[in-house]
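Trainee: Mind having a look at this structure? Questions to follow.
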Amino acid sequence: MVGNSRLHWAWFMGKTFCWAWDTDYLPANVVEQMKQPWGSGEWNKRILPPSLIAELEVIQEIVGNNFQYRDRPLSLYLASVVPSQTALWQTYPDVQMITLDQVPLQGVYPTLGIDRALALWGAGEWQLPVLVIDAGTALTLTGADANRCLIGEQFYQA
């Protein structure tokens, strides 16, 4: 997820959530390095938490040549609210863009940020109705009713 001021990462093995972390935006040369297979270069040490790197190295040792990313770049799903970062990441070879029309919520409007829509959808997977309070670059409150319909929002910027 490309936020207004940082990159928000999550690592999944299949459909199982494993890790989440944040980094600063990456320069174009690091994104270029990430286009290489997992085992090449040092780019992974620039963006992955050390504990995740250690766990992935153990997994790679156990499964050896069957490690799915040994010979190809990582797959990325990307949601972004920053056009310049979106353009940079669209050059990545295995990227799937997540857009507002793919989020199963009713009553959304075209300028609703994908970050807010995804947070609301994710929270709604636990319980509806729901109110999401996000204290990122701006403080936002976004709600959905029991039918997954956007019912209100507030936006505060310092």
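In the structure tokens, the first chain shown is A, the next is B, and so on; residue numbers restart at 1 for each chain, and ligands run from 1 in the order shown.
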Could you pull the residues within 7 Å of Leu105 of chain A, counting only C-alpha atoms, minus those fewer than 4 positions along the same chain, as a ChimeraX atom specification?
Mentor: /A:121,148-150
Trainee: Please run DSSP on the backbone and report, as a PyMOL selection string, all residues within chain A that come out as alpha helix (DSSP H).
Mentor: chain A and resi 28-34+43-47+50-63+83-89+114-124
Trainee: For the selection you just gave me, I'd like the residues written to a file as a PDB file, in the first residue's frame, keeping C-alpha atoms.
Mentor:
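Wrote result20.pdb, looks like this:
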ATOM      1  CA  ALA A  28      13.683   3.961  -8.456  1.00  0.00           C
ATOM      2  CA  ASN A  29      17.000   2.060  -8.439  1.00  0.00           C
ATOM      3  CA  VAL A  30      15.790  -0.193  -5.581  1.00  0.00           C
ATOM      4  CA  VAL A  31      12.511  -0.871  -7.405  1.00  0.00           C
ATOM      5  CA  GLU A  32      14.649  -1.808 -10.430  1.00  0.00           C
ATOM      6  CA  GLN A  33      16.661  -4.213  -8.262  1.00  0.00           C
ATOM      7  CA  MET A  34      13.448  -5.761  -6.969  1.00  0.00           C
ATOM      8  CA  TRP A  43      17.580  -5.278  -2.282  1.00  0.00           C
ATOM      9  CA  ASN A  44      15.607  -7.522   0.085  1.00  0.00           C
ATOM     10  CA  LYS A  45      17.770  -6.418   3.018  1.00  0.00           C
ATOM     11  CA  ARG A  46      16.785  -2.795   2.298  1.00  0.00           C
ATOM     12  CA  ILE A  47      13.043  -3.319   2.633  1.00  0.00           C
ATOM     13  CA  PRO A  50      15.563  -8.707   9.599  1.00  0.00           C
ATOM     14  CA  SER A  51      13.338 -11.244  11.382  1.00  0.00           C
ATOM     15  CA  LEU A  52      11.367 -11.843   8.160  1.00  0.00           C
ATOM     16  CA  ILE A  53      14.584 -12.263   6.141  1.00  0.00           C
ATOM     17  CA  ALA A  54      15.816 -14.851   8.648  1.00  0.00           C
ATOM     18  CA  GLU A  55      12.534 -16.777   8.475  1.00  0.00           C
ATOM     19  CA  LEU A  56      12.493 -16.728   4.670  1.00  0.00           C
ATOM     20  CA  GLU A  57      16.095 -17.958   4.537  1.00  0.00           C
ATOM     21  CA  VAL A  58      15.127 -20.911   6.744  1.00  0.00           C
ATOM     22  CA  ILE A  59      12.145 -21.654   4.495  1.00  0.00           C
ATOM     23  CA  GLN A  60      14.402 -21.452   1.421  1.00  0.00           C
ATOM     24  CA  GLU A  61      16.881 -23.896   2.993  1.00  0.00           C
ATOM     25  CA  ILE A  62      14.103 -26.361   3.820  1.00  0.00           C
ATOM     26  CA  VAL A  63      12.392 -26.305   0.433  1.00  0.00           C
ATOM     27  CA  PRO A  83       0.274   9.043  -8.499  1.00  0.00           C
ATOM     28  CA  SER A  84       4.080   9.374  -8.815  1.00  0.00           C
ATOM     29  CA  GLN A  85       4.602   6.243  -6.721  1.00  0.00           C
ATOM     30  CA  THR A  86       1.877   4.416  -8.674  1.00  0.00           C
ATOM     31  CA  ALA A  87       3.736   5.140 -11.916  1.00  0.00           C
ATOM     32  CA  LEU A  88       7.005   3.867 -10.436  1.00  0.00           C
ATOM     33  CA  TRP A  89       5.508   0.597  -9.197  1.00  0.00           C
ATOM     34  CA  ILE A 114      -8.283   3.319  -1.924  1.00  0.00           C
ATOM     35  CA  ASP A 115      -6.517   3.223   1.454  1.00  0.00           C
ATOM     36  CA  ARG A 116      -9.701   4.236   3.257  1.00  0.00           C
ATOM     37  CA  ALA A 117     -11.852   1.861   1.222  1.00  0.00           C
ATOM     38  CA  LEU A 118      -9.540  -1.087   1.938  1.00  0.00           C
ATOM     39  CA  ALA A 119      -9.382  -0.273   5.651  1.00  0.00           C
ATOM     40  CA  LEU A 120     -13.184  -0.124   5.806  1.00  0.00           C
ATOM     41  CA  TRP A 121     -13.603  -3.358   3.851  1.00  0.00           C
ATOM     42  CA  GLY A 122     -11.008  -5.142   5.982  1.00  0.00           C
ATOM     43  CA  ALA A 123     -12.598  -4.018   9.230  1.00  0.00           C
ATOM     44  CA  GLY A 124     -15.999  -5.050   7.881  1.00  0.00           C
TER      45      GLY A 124
END
Trainee: Quick one: everything within 8 Å of Val2 of chain A, counting only C-alpha atoms, minus sequence neighbours fewer than 2 positions away in the same chain. Send it as a list in words.
Mentor: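 Contacts, in chain order: Asn4, Ser5, Arg6, Leu7, His8, Leu78, Ala79, Ser80, Val81, Val82, Gln85 and Thr86 of chain A.
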Trainee: Could you give me, as an mmCIF file with C-alpha atoms, in the first residue's frame, the residues within 9 Å of Asn147 of chain A, counting only C-alpha atoms and dropping anything in the same chain fewer than 4 positions from it?
Mentor:
data_model
loop_
_atom_site.group_PDB
_atom_site.id
_atom_site.type_symbol
_atom_site.label_atom_id
_atom_site.label_comp_id
_atom_site.auth_asym_id
_atom_site.auth_seq_id
_atom_site.Cartn_x
_atom_site.Cartn_y
_atom_site.Cartn_z
ATOM 1 C CA LEU A 105 -18.500 -1.716 -0.726
ATOM 2 C CA GLN A 106 -21.652 0.150 -1.687
ATOM 3 C CA LEU A 128 -20.454 -4.777 10.574
ATOM 4 C CA PRO A 129 -21.522 -2.065 11.151
#
Trainee: Can you tell me how far atom CA of Glu153 of chain A sits from atom CA of Thr23 of chain A, in Å to one decimal?
Mentor: 27.5 Å
Trainee: Per DSSP on the backbone, what are the strand (DSSP E or B) residues of chain A, as a PyMOL selection string?
Mentor: chain A and resi 2+7-13+16-23+76-78+80+95-97+106+130-135+139-144+149-156
Trainee: Could you list, as a ChimeraX atom specification, every residue within 7 Å of Val132 of chain A, counting only C-alpha atoms and ignoring same-chain residues fewer than 3 positions away?
Mentor: /A:120,141-143
Trainee: If you count only C-alpha atoms, which residues fall within 6 Å of Tyr77 of chain A, apart from same-chain ones fewer than 5 positions away, as a list of chain:residue names?
Mentor: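 Here the answer would be A:Val95, A:Gln96, A:Met97.
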Trainee: So how far away is atom CA of Ser75 of chain A from atom CA of Tyr25 of chain A, in Å?
Mentor: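 That distance, rounded to one decimal, is 18.2 Å.
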